[in-house]
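A quick write-up on the structure given underneath.
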Amino acid sequence: MSPIAENLNTVQERIRAAAERAGRDPAGVRLVTVSKTFPADKVQEAARAGAVLFGENYVQEAKAKMAELADLYLEWHFIGRLQTNKAKEVVRGFSLIHSVDRFKLAGELSRKAEETVNVLIQVKLAQEETKGGVDEAGTMDLLQEVAALDKIEVRGFMVMPPFFDQPERARPYFARLAVLAEEARQKTGLALPELSMGMSGDFEVAVEEGATLVRVGSAIFGARNYQ
């Protein structure tokens with residue numbers, strides 16, 4: 001078994017155990033294998049080991065991998081910060097966009113789409129200038145505005161908490177997003193079934209707090225080289 005296959009199996013087992021600790025059905029948590037910066041052959045290796053859902057941050061890089069791996073049955077999510085001028089490129093090929101954080105972007109996605117685009121509202125629960133997301137106070141208004149657009153279906157929320165060496169320190173952010181999602185369901189009547197939260201260092205805590213999508217890359221592929 002290759003290192004990627006071994007790592008993938010380990011992550012999947014950790015997800016299963018975390019779900020069971022929380023009294024959840026492990027089938028309710030999907031692993032988004034984050035393949036940004038890793039070449040297509042590594043994606044193929046992960047796919048051979050059973051991964052089917054991949055997350056990408058950069059549009060051109062993702063499109064190149066999609067073309068190269070078109071013979072495989074893979075699902076792609078866009079999880080990075082998205083500029084409005086890239087809307088036309090992401091409305092095709094990605095089954096879910098995790099990072100909608102402003103109405104202008106959502107409107108452009110709606111205008112460029114030929115079919116329904118599934119999105120998550122990215123919420124900023126910590127004041128970090130380097131990360132995208134709508135402030136918590138503006139979340140409900142943005143949700144309702146985006147949900148009213150043609151060709152847009154809001155599937156839930158996404159959050160990126162600050163980086164902590166101790167995963168437990170991220171728990172309040174995950175718990176808050178889960179509460180916010182329930183408040184939004186009650187207020188809007190939308191189903192909002194998805195919570196995208198948790199990465200390589202804290203995904204087990206995220207699962208315990210209700211994550212339905214966890215975004216894990218380095219724990220599967222190893223450290224990234226951004227050179």
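Residues in the structure tokens are numbered from 1 in each chain, the chains being A, B, ... in the order shown, and ligands are numbered from 1 in the order shown.
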Set the distance at 8 Å and use only C-alpha atoms: which residues neighbour stretch 128-132 of chain A once local chain neighbours fewer than 5 positions away are removed? I'd like the list as a compact mmCIF listing (two decimals) with all heavy atoms, in the first residue's frame.
```
# COMPACT_ATOMS: atom_id res chain seq x y z
N ARG A 81 -10.37 31.14 -1.98
CA ARG A 81 -10.95 32.47 -2.18
C ARG A 81 -11.18 32.68 -3.67
O ARG A 81 -10.34 32.32 -4.50
CB ARG A 81 -10.02 33.55 -1.63
CG ARG A 81 -9.90 33.52 -0.12
CD ARG A 81 -9.19 34.73 0.44
NE ARG A 81 -10.05 35.90 0.48
CZ ARG A 81 -9.74 37.02 1.12
NH1 ARG A 81 -8.57 37.12 1.77
NH2 ARG A 81 -10.56 38.06 1.12
N SER A 99 -16.80 28.94 -0.96
CA SER A 99 -16.22 30.21 -0.51
C SER A 99 -16.98 31.46 -0.97
O SER A 99 -16.36 32.48 -1.24
CB SER A 99 -14.77 30.29 -0.97
OG SER A 99 -14.66 29.95 -2.36
N ASP A 101 -18.71 34.70 -0.19
CA ASP A 101 -18.71 35.55 0.99
C ASP A 101 -19.23 36.97 0.74
O ASP A 101 -19.14 37.82 1.62
CB ASP A 101 -17.31 35.61 1.61
CG ASP A 101 -16.26 36.16 0.64
OD1 ASP A 101 -16.62 36.51 -0.50
OD2 ASP A 101 -15.08 36.23 1.04
N GLN A 122 -19.32 31.35 3.15
CA GLN A 122 -18.17 31.32 4.04
C GLN A 122 -18.33 32.40 5.11
O GLN A 122 -18.50 33.58 4.80
CB GLN A 122 -16.86 31.55 3.28
CG GLN A 122 -15.63 31.47 4.18
CD GLN A 122 -14.33 31.54 3.43
OE1 GLN A 122 -14.30 31.49 2.20
NE2 GLN A 122 -13.23 31.66 4.15
N VAL A 123 -18.26 31.97 6.36
CA VAL A 123 -18.48 32.87 7.50
C VAL A 123 -17.15 33.11 8.21
O VAL A 123 -16.38 32.18 8.45
CB VAL A 123 -19.50 32.26 8.48
CG1 VAL A 123 -19.77 33.22 9.63
CG2 VAL A 123 -20.81 31.91 7.76
N MET A 160 -13.29 28.85 8.36
CA MET A 160 -11.87 28.57 8.57
C MET A 160 -11.46 29.29 9.85
O MET A 160 -11.22 30.50 9.83
CB MET A 160 -11.04 29.08 7.39
CG MET A 160 -11.27 28.34 6.10
SD MET A 160 -10.22 28.96 4.76
CE MET A 160 -8.59 28.51 5.38
N PRO A 162 -9.00 30.35 13.12
CA PRO A 162 -7.56 30.59 13.20
C PRO A 162 -6.80 29.27 13.35
O PRO A 162 -7.36 28.27 13.83
CB PRO A 162 -7.41 31.46 14.45
CG PRO A 162 -8.77 32.05 14.67
CD PRO A 162 -9.75 31.04 14.19
```
Test item, helix (DSSP H, G or I) assignment across stretch 11-204 of chain A, answer as a PyMOL selection string: chain A and resi 11-21+26-28+40-48+59-68+84-90+103-112+136-147+167-188+203-204
Interatomic distance (Å, one decimal) between atom CA of A:Val59 and atom CA of A:Arg111: 18.3 Å
Best match for closeness to A:Pro3 among A:Pro39, A:Gly217, A:Gly222, A:Gly156, counting only C-alpha atoms: A:Gly222
Close residues, A:Glu194 itself excluded, 8 Å, only C-alpha atoms, min 6 positions apart in chain, as number ranges by chain: A: 120, 155-157, 211-213
Residues near A:Glu108, cut-off 9 Å, only C-alpha atoms, skip fewer than 6 positions along chain, as a ChimeraX atom specification: /A:84-85,87-88
Distance query A:Arg16 at most 12 Å, only C-alpha atoms, self and fewer than 2 positions along chain excluded, as a PyMOL selection string: chain A and resi 9-14+18-31+203-204+207-208+212
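If you look at atom CA of A:Met140 and atom CA of A:Glu209, they are 20.7 Å away from each other.
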